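Note sheet for the following structure.
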Amino acid sequence: QVQLVESGGGLVQPGGSLRLSCTASGSIFSIYSMGWYRQAPGKQRELVASIHPGGNTNYVESVKGRFTISRDTAKNTVYLQMNSLKPDDTAVYYCNARHIIRTSTTYWGQGTQVTVSS
């Protein structure tokens, strides 16, 4: 069982920055892909960014050039640095871990609210 604990959400003005953190309960990055999802009211949950065991990353088109996903293996922590935030980025952000072989094995964090508003 993997536990994921997120932090770092909050209220920020348009154009501002936030950094989200997701700490896993163990050393899982070698066998789990880590992702940040978000869900805005009335919308489906979408994958925003992901980082895979080899270190390669993927981003949804709407955040490319603004968001950066990274990880600190020693701290079992994945980060999402969000810059140039827009009101459309407002959502609950969730951390996800998905086993690279047993892909049905997936874990979610509790979510953290990000609100971009003036």
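Labels used: A, B, ... for chains in the order of the structure tokens, numbers from 1 for residues in each chain, and numbers from 1 for ligands as shown.
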
- request: Considering only C-alpha atoms, return as number ranges by chain whatever protein or nucleic-acid residues lie within 8 Å of Met34 in chain A, sequence-local ones (same chain, fewer than 3 positions apart) excluded.
  value: A: 29, 50-52, 78, 95-98

Write to file, as a PDB file, in the first residue's frame, the residues of the selection just made, with N, CA and C atoms.
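Now in selection-v1.pdb:
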ATOM      1  N   PHE A  29       9.702   5.429  -6.812  1.00  0.00           N
ATOM      2  CA  PHE A  29       9.837   6.064  -8.113  1.00  0.00           C
ATOM      3  C   PHE A  29      10.463   5.164  -9.181  1.00  0.00           C
ATOM      4  N   SER A  50       3.323  14.320 -15.881  1.00  0.00           N
ATOM      5  CA  SER A  50       3.754  13.038 -15.352  1.00  0.00           C
ATOM      6  C   SER A  50       5.262  12.899 -15.492  1.00  0.00           C
ATOM      7  N   ILE A  51       5.822  12.088 -14.605  1.00  0.00           N
ATOM      8  CA  ILE A  51       7.249  11.779 -14.657  1.00  0.00           C
ATOM      9  C   ILE A  51       7.397  10.285 -14.439  1.00  0.00           C
ATOM     10  N   HIS A  52       8.238   9.685 -15.260  1.00  0.00           N
ATOM     11  CA  HIS A  52       8.330   8.234 -15.296  1.00  0.00           C
ATOM     12  C   HIS A  52       9.643   7.776 -14.691  1.00  0.00           C
ATOM     13  N   VAL A  78       7.559  14.254  -5.090  1.00  0.00           N
ATOM     14  CA  VAL A  78       7.371  14.782  -6.441  1.00  0.00           C
ATOM     15  C   VAL A  78       6.818  16.195  -6.319  1.00  0.00           C
ATOM     16  N   CYS A  95      -2.275  14.079  -6.665  1.00  0.00           N
ATOM     17  CA  CYS A  95      -1.082  13.309  -6.980  1.00  0.00           C
ATOM     18  C   CYS A  95      -1.486  11.860  -7.229  1.00  0.00           C
ATOM     19  N   ASN A  96      -0.830  11.233  -8.180  1.00  0.00           N
ATOM     20  CA  ASN A  96      -1.150   9.851  -8.543  1.00  0.00           C
ATOM     21  C   ASN A  96       0.119   9.041  -8.725  1.00  0.00           C
ATOM     22  N   ALA A  97       0.075   7.799  -8.284  1.00  0.00           N
ATOM     23  CA  ALA A  97       1.167   6.852  -8.522  1.00  0.00           C
ATOM     24  C   ALA A  97       0.590   5.640  -9.246  1.00  0.00           C
ATOM     25  N   ARG A  98       1.192   5.273 -10.361  1.00  0.00           N
ATOM     26  CA  ARG A  98       0.707   4.129 -11.153  1.00  0.00           C
ATOM     27  C   ARG A  98       1.856   3.183 -11.413  1.00  0.00           C
TER      28      ARG A  98
END

Which residues are close to Arg19 in chain A, i.e. within 9 Å by only C-alpha atoms, leaving aside same-chain residues fewer than 5 positions away? Reply as a tab-separated table (two decimals) with N, CA and C atoms, in the first residue's frame.
chain	number	residue	atom	x	y	z
A	7	SER	N	0.75	18.76	-0.56
A	7	SER	CA	0.73	20.05	0.12
A	7	SER	C	1.09	21.12	-0.89
A	8	GLY	N	0.84	22.37	-0.50
A	8	GLY	CA	1.30	23.48	-1.32
A	8	GLY	C	0.23	24.25	-2.06
A	9	GLY	N	-1.02	23.82	-1.99
A	9	GLY	CA	-2.07	24.56	-2.67
A	9	GLY	C	-2.37	25.87	-1.96
A	79	TYR	N	7.29	17.07	-7.19
A	79	TYR	CA	6.88	18.47	-7.15
A	79	TYR	C	6.19	18.86	-8.46
A	80	LEU	N	5.33	19.85	-8.34
A	80	LEU	CA	4.78	20.50	-9.52
A	80	LEU	C	4.96	22.00	-9.33
A	81	GLN	N	5.92	22.55	-10.05
A	81	GLN	CA	6.14	23.99	-10.02
A	81	GLN	C	5.23	24.63	-11.05
A	82	MET	N	4.39	25.53	-10.60
A	82	MET	CA	3.41	26.17	-11.48
A	82	MET	C	3.68	27.67	-11.54
A	83	ASN	N	4.02	28.14	-12.71
A	83	ASN	CA	4.30	29.55	-12.93
A	83	ASN	C	3.27	30.15	-13.89

- request: Could you give me, as a PyMOL selection string, each residue of chain A that DSSP assigns to helix (DSSP H, G or I) when run on this structure's backbone?
  value: chain A and resi 61-63+73-75+87-89

Distance criterion (only C-alpha atoms): nearest to Thr115 in chain A out of A:Val5, A:Leu11, A:Cys22, A:Ile28: A:Leu11

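Coordinates place CA of Thr90 in chain A at a distance of 27.3 Å from CA of Ser25 in chain A.
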
task: Go ahead and compute the interatomic distance for CA of Asn56 in chain A and CA of Leu4 in chain A, in Å to one decimal.
output: 20.8 Å

From A:Ala74, A:Val92, A:Lys64, A:Leu85, residue lying nearest Gly42 in chain A [only C-alpha atoms]: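 Nearest candidate to Gly42 in chain A out of A:Ala74, A:Val92, A:Lys64, A:Leu85: A:Val92.
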
query: Between A:Thr73, A:Ser104, A:Gln1, A:Thr68, which has the minimum distance to Thr23 in chain A (counting only C-alpha atoms)?
result: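 Closest candidate: A:Thr73.
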
query: Of the residues A:Ala24, A:Gln110, A:Ser70, A:Ala91, which is the one nearest to Thr57 in chain A, using only C-alpha atoms?
result: A:Ser70

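Between CA of Ile69 in chain A and CA of Thr105 in chain A the interatomic distance comes to 21.5 Å.
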
Need the shell around Pro53 in chain A: protein/DNA/RNA residues with any atom at most 7 Å away, counting only C-alpha atoms. Skip same-chain ones fewer than 6 positions apart. Format as a PDB file with N, CA, C and O atoms, in the first residue's frame?
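Once written, result-v4.pdb looks like this:
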ATOM      1  N   PHE A  29       9.702   5.429  -6.812  1.00  0.00           N
ATOM      2  CA  PHE A  29       9.837   6.064  -8.113  1.00  0.00           C
ATOM      3  C   PHE A  29      10.463   5.164  -9.181  1.00  0.00           C
ATOM      4  O   PHE A  29      10.338   5.455 -10.367  1.00  0.00           O
ATOM      5  N   SER A  30      11.116   4.093  -8.784  1.00  0.00           N
ATOM      6  CA  SER A  30      11.723   3.208  -9.777  1.00  0.00           C
ATOM      7  C   SER A  30      10.708   2.294 -10.443  1.00  0.00           C
ATOM      8  O   SER A  30      10.980   1.734 -11.512  1.00  0.00           O
ATOM      9  N   ILE A  31       9.534   2.143  -9.837  1.00  0.00           N
ATOM     10  CA  ILE A  31       8.532   1.227 -10.384  1.00  0.00           C
ATOM     11  C   ILE A  31       7.156   1.864 -10.548  1.00  0.00           C
ATOM     12  O   ILE A  31       6.203   1.211 -10.971  1.00  0.00           O
ATOM     13  N   TYR A  32       7.063   3.153 -10.190  1.00  0.00           N
ATOM     14  CA  TYR A  32       5.793   3.863 -10.360  1.00  0.00           C
ATOM     15  C   TYR A  32       6.013   5.118 -11.199  1.00  0.00           C
ATOM     16  O   TYR A  32       6.967   5.865 -10.979  1.00  0.00           O
ATOM     17  N   SER A  33       5.096   5.343 -12.138  1.00  0.00           N
ATOM     18  CA  SER A  33       5.015   6.641 -12.784  1.00  0.00           C
ATOM     19  C   SER A  33       4.207   7.552 -11.879  1.00  0.00           C
ATOM     20  O   SER A  33       3.186   7.137 -11.306  1.00  0.00           O
TER      21      SER A  33
END

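The nearest approach to Val114 in chain A among the residues A:Asp72, A:Ser17, A:Val60, A:Leu47, with only C-alpha atoms taken into account, belongs to A:Ser17.
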